[in-house]
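Asks: This is the structure I have questions about; it appears just below.
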Amino acid sequence: MSELLKITLPDGSLREVAPGTTPADIAAAIGPGLAKAALAAKVDGELVDLTRPLTTDSALALITAKDEAEALDLARHDYAHVLAEAVQALFPGTQITFGPSTDDGFYYDFAPAERPFTDEDLPAIEAEMRRIIAANKPLRREVWSREQLISRWKQQGESFKAEWAAELPEGEELTVYWSGDDWLDMCRGPHLPSTGKLDPQGFKLTRVSGAYWRGDQKNAMLSRIYGTGWLNKKQLDAHLTRLEEAAKRDHRKLGQEMDLFHLQQEAHGSVFWHPKGYLIWRELEAYMRRAIDGAGYREVKTPQVMDARQWEQSGHWGKYRENMFVIPDEVPNVDDEGPIVSNDADWMALKPMNCPAHVLIFRQGIKSYRDLPLRLYENGCCHRNEPHGALHGLMRVRQFTQDDAHIFCREDQIVAEVQAFCELADRIYRDFGFTYAIKLALRPEKRFGTEEMWDKAESELRDAVVRAGLATADYGWEELPGEGAFYAPKLEWHLTDAIGRTWQVGTIQSDRVLPERLDASYIGEDGEKHRPVMLHRAIFGSYERFIGILIEHFAGRLPVWLAPVQAVVATIVSDADDYAKDALARLRAAGIRAETDLRNEKINYKVREHSLQKVPYLLVVGKREAEEGTVAIRILGEQHQKIMPLDEAIALLKGEATPPDLRH
């Protein structure tokens, strides 16, 4: 008789079972409730199917719907397979390719036999998916050879799958999953025990788009079907509600309605700021300048275009070249009748980031240890060659301006400087009403520098957050293995907006590589040259994206101090025009961005129009208000109005219009 396996459960208890016993068997032995609830298992930390036989002594954890992260990923993976099976059942001859899970659902790419799929096909596909789920078909894993896979796909006319299978390494364990006995797909897994473990009302197909095979526009165009998938209908409904709310808050829609900015093809990925939108920018810029001036930064301005050799020396040319806009330094031959020829030109590049230029400023003149820390700040305009398909309003652009700074400091100053930055970022985010989580992104697989250097850099960032009192669950403290930059670990600030979405915005990175590569040094107390440490940091991230986040967070109803127009004086009758003009002059003298609306329109029309423009305060005046020196104040989003003297209204608005840092 073979020796029993020792299986350790999460509570520390030990079970001895025969080799070949499955996690499902152990769940059944514990109790029928667990057997029904179990979805998958973790064996020594690896997620596996419930039916995978145990072969060695192991630590076993059974996954149920309470383990939401793992359960959701499993469900979404299975929804993708059920989608593929449903499409092939309804549209014979359709070839399947791949279909992963995503952050909120899944998709699958197909090569239709006749025509591309459209959104009109989705209801029928959803119905077929529900039929497959209701059939409770077992999902069964098998190990195949590469030759078996290639043969199967060719027999089935699955040329895309056959192509992929032919590129898999020989000798690698390859797995397929059967849905019942009549449909399979190749997949690493794991999967749920059966399709019946999915909630038939827990998913929705959302849209159809085109996608190139393997992401290459030289390859065949496929039909991609997207869906959102959840553990139950309640989660799905909550997600759809969030999507509806997000659509109402879309910064592109609100930006157009509020006349803040626009984008157009003539300048892909660059923003045309209108006067009202640029007022928001200017307020943010002024706020940030006050913050960095108070924190001991010195503002600089550096060139937009720099020699390619500088980028090569910094390391960006080798790792970031495809994202840089490159231009010739000189054009030796210009043919008026033909294209520009630049065979022998030296190359320049629009800067994708500001850091190398700040090192060049640091290198001007001899620096002493007494000069450190040196904090250089720049509202630096950068350019990155993002693909057209990746551009998204203000959130992802090609031209952007960073609230960028670099702190050059000694080794013994790092923790204190990072701590001070953490406290500065905390104060700024709270001024905007955001809560946030702090995450430490650790060394990636491909990186510059030694292991000892990375150990030290990661420890310093960690210690700074601890000293600032922010490395707690209240601040969502988390460490992210492999997520650091190629030259440095970094701290990330993830803001949570009004509808629960998170946005990675602020960052600080501890960098010992770039000062070495660009030969930055200072004279130490010992009279010798030393390398400074360079802390890369930003709080807004980029002005464009931060404004987009603010618009969506506040649904366009920006805090009064940020609103492009803070108040409108609107007349009920023309007899009040002179009083409205006088009120406007007094509001503007108090520093309030105000306008008048003297049009011969009904007041309800004016209220509605200025509400759509998200004007925080509407001061309504008629003949009575003009005689009494009062105004009827309507606050955006409120139904009632309040009558008060004009002086009192101006004092109220002046307080609201004062930036939060100047109120402290």
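Residues in the structure tokens are named by chain (A, B, ... in the order shown) and by number from 1 within that chain; ligands are numbered from 1 in the order shown.
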Skip Thr175 of chain A itself and residues of its chain fewer than 6 positions away, then list as a PyMOL selection string all residues within 10 Å of it, counting only C-alpha atoms.
Replies: chain A and resi 141-146+149+185-189
Asks: Include C-alpha atoms and write out the residues we just selected as a JSON list (two decimals), in the first residue's frame.
Replies:
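The result, stored in result_5.json:
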```
[["chain", "number", "residue", "atom", "x", "y", "z"],
["A", 141, "ARG", "CA", -8.69, 18.97, -17.94],
["A", 142, "GLU", "CA", -6.50, 16.80, -20.18],
["A", 143, "VAL", "CA", -2.78, 16.87, -21.00],
["A", 144, "TRP", "CA", -1.97, 16.65, -24.72],
["A", 145, "SER", "CA", 1.18, 16.61, -26.78],
["A", 146, "ARG", "CA", 1.99, 19.45, -29.16],
["A", 149, "LEU", "CA", -2.97, 19.77, -30.50],
["A", 185, "ASP", "CA", -10.16, 24.82, -26.00],
["A", 186, "MET", "CA", -6.50, 24.78, -25.15],
["A", 187, "CYS", "CA", -5.84, 26.59, -21.90],
["A", 188, "ARG", "CA", -3.50, 26.54, -18.90],
["A", 189, "GLY", "CA", -6.49, 26.77, -16.54]]
```
Asks: Segment 66-159 of chain A: which residues are strand (DSSP E or B) by DSSP, as a list in words?
Replies: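 Taking segment 66-159 of chain A and keeping strand (DSSP E or B) only, one gets Gln95, Ile96, Ser101, Gly105, Phe106, Tyr107, Tyr108, Asp109, Phe110, Ala111, Pro138, Leu139, Arg140, Arg141, Glu142, Val143 and Trp144 of chain A.
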Asks: Just the number, please: distance in Å from atom CA of Phe421 of chain A to atom CA of Pro352 of chain A, one decimal.
Replies: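 Atom-to-atom, atom CA of Phe421 of chain A to atom CA of Pro352 of chain A, that is 23.5 Å.
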Asks: Would you return as number ranges by chain the members of segment 306-388 of chain A that DSSP assigns to helix (DSSP H, G or I) on this structure's backbone?
Replies: A: 308-314, 316-323, 355-362, 369-371, 388
Asks: As a PyMOL selection string, please: the residues near Thr22 of chain A (cut-off 6 Å, only C-alpha atoms, same-chain neighbours under 2 positions excluded).
Replies: chain A and resi 24-25+51-54
Asks: Those same residues, written as an mmCIF file, in the first residue's frame with C-alpha atoms?
Replies:
```
data_model
loop_
_atom_site.group_PDB
_atom_site.id
_atom_site.type_symbol
_atom_site.label_atom_id
_atom_site.label_comp_id
_atom_site.auth_asym_id
_atom_site.auth_seq_id
_atom_site.Cartn_x
_atom_site.Cartn_y
_atom_site.Cartn_z
ATOM 1 C CA ALA A 24 -12.826 18.011 -4.216
ATOM 2 C CA ASP A 25 -12.562 14.732 -2.276
ATOM 3 C CA THR A 51 -10.188 17.676 -9.650
ATOM 4 C CA ARG A 52 -6.363 17.841 -9.848
ATOM 5 C CA PRO A 53 -4.943 14.760 -8.045
ATOM 6 C CA LEU A 54 -2.628 15.441 -5.106
#
```
Asks: Just the residues within 12 Å of Ile499 of chain A, please, counting only C-alpha atoms, with nothing from its chain fewer than 2 positions along; format it as a ChimeraX atom specification.
Replies: /A:238-239,241-249,434,495-497,501-503,549,552-555
Asks: Find the spatial neighbours of segment 517-529 of chain A, counting only C-alpha atoms, within a cut-off of 6 Å - ignore same-chain residues fewer than 3 positions away - and output them as a PDB file with N, CA and C atoms, in the first residue's frame.
Replies:
```pdb
ATOM      1  N   SER A 314      21.676  58.422 -20.850  1.00  0.00           N
ATOM      2  CA  SER A 314      20.785  58.263 -19.699  1.00  0.00           C
ATOM      3  C   SER A 314      20.168  56.867 -19.640  1.00  0.00           C
ATOM      4  N   ARG A 363      24.581  69.643 -12.673  1.00  0.00           N
ATOM      5  CA  ARG A 363      26.015  69.557 -12.982  1.00  0.00           C
ATOM      6  C   ARG A 363      26.662  70.914 -13.262  1.00  0.00           C
ATOM      7  N   LYS A 367      29.040  71.466  -6.767  1.00  0.00           N
ATOM      8  CA  LYS A 367      28.097  71.357  -5.665  1.00  0.00           C
ATOM      9  C   LYS A 367      28.814  70.784  -4.444  1.00  0.00           C
ATOM     10  N   SER A 368      28.500  71.336  -3.277  1.00  0.00           N
ATOM     11  CA  SER A 368      29.043  70.861  -2.014  1.00  0.00           C
ATOM     12  C   SER A 368      27.974  70.069  -1.272  1.00  0.00           C
ATOM     13  N   TYR A 369      28.412  69.300  -0.305  1.00  0.00           N
ATOM     14  CA  TYR A 369      27.455  68.561   0.526  1.00  0.00           C
ATOM     15  C   TYR A 369      26.532  69.529   1.266  1.00  0.00           C
ATOM     16  N   LEU A 514      20.778  56.965 -12.504  1.00  0.00           N
ATOM     17  CA  LEU A 514      20.916  58.098 -13.426  1.00  0.00           C
ATOM     18  C   LEU A 514      22.046  59.049 -13.032  1.00  0.00           C
TER      19      LEU A 514
END
```
Asks: May I have the residues within 12 Å of Ala65 of chain A as a ChimeraX atom specification, using only C-alpha atoms and disregarding those fewer than 2 positions away in the same chain?
Replies: /A:34,36-41,62-63,67-75,192,197-199,230-232
Asks: For segment 211-217 of chain A, list every protein, DNA or RNA residue within 9 Å, evaluated using only C-alpha atoms, and leave out those in the same chain fewer than 3 positions away; present the list as a count of residues only.
Replies: 8
Asks: Rounded to one decimal in Å, what is the spacing between atom CA of Leu646 of chain A and atom CA of Pro616 of chain A?
Replies: 16.6 Å
Asks: Identify which of the residues A:Arg140, A:Lys439, A:Arg427, A:Arg15 lies closest to Ala471 of chain A, counting only C-alpha atoms when measuring atom-to-atom distances.
Replies: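 Smallest separation from Ala471 of chain A among the options: A:Lys439.
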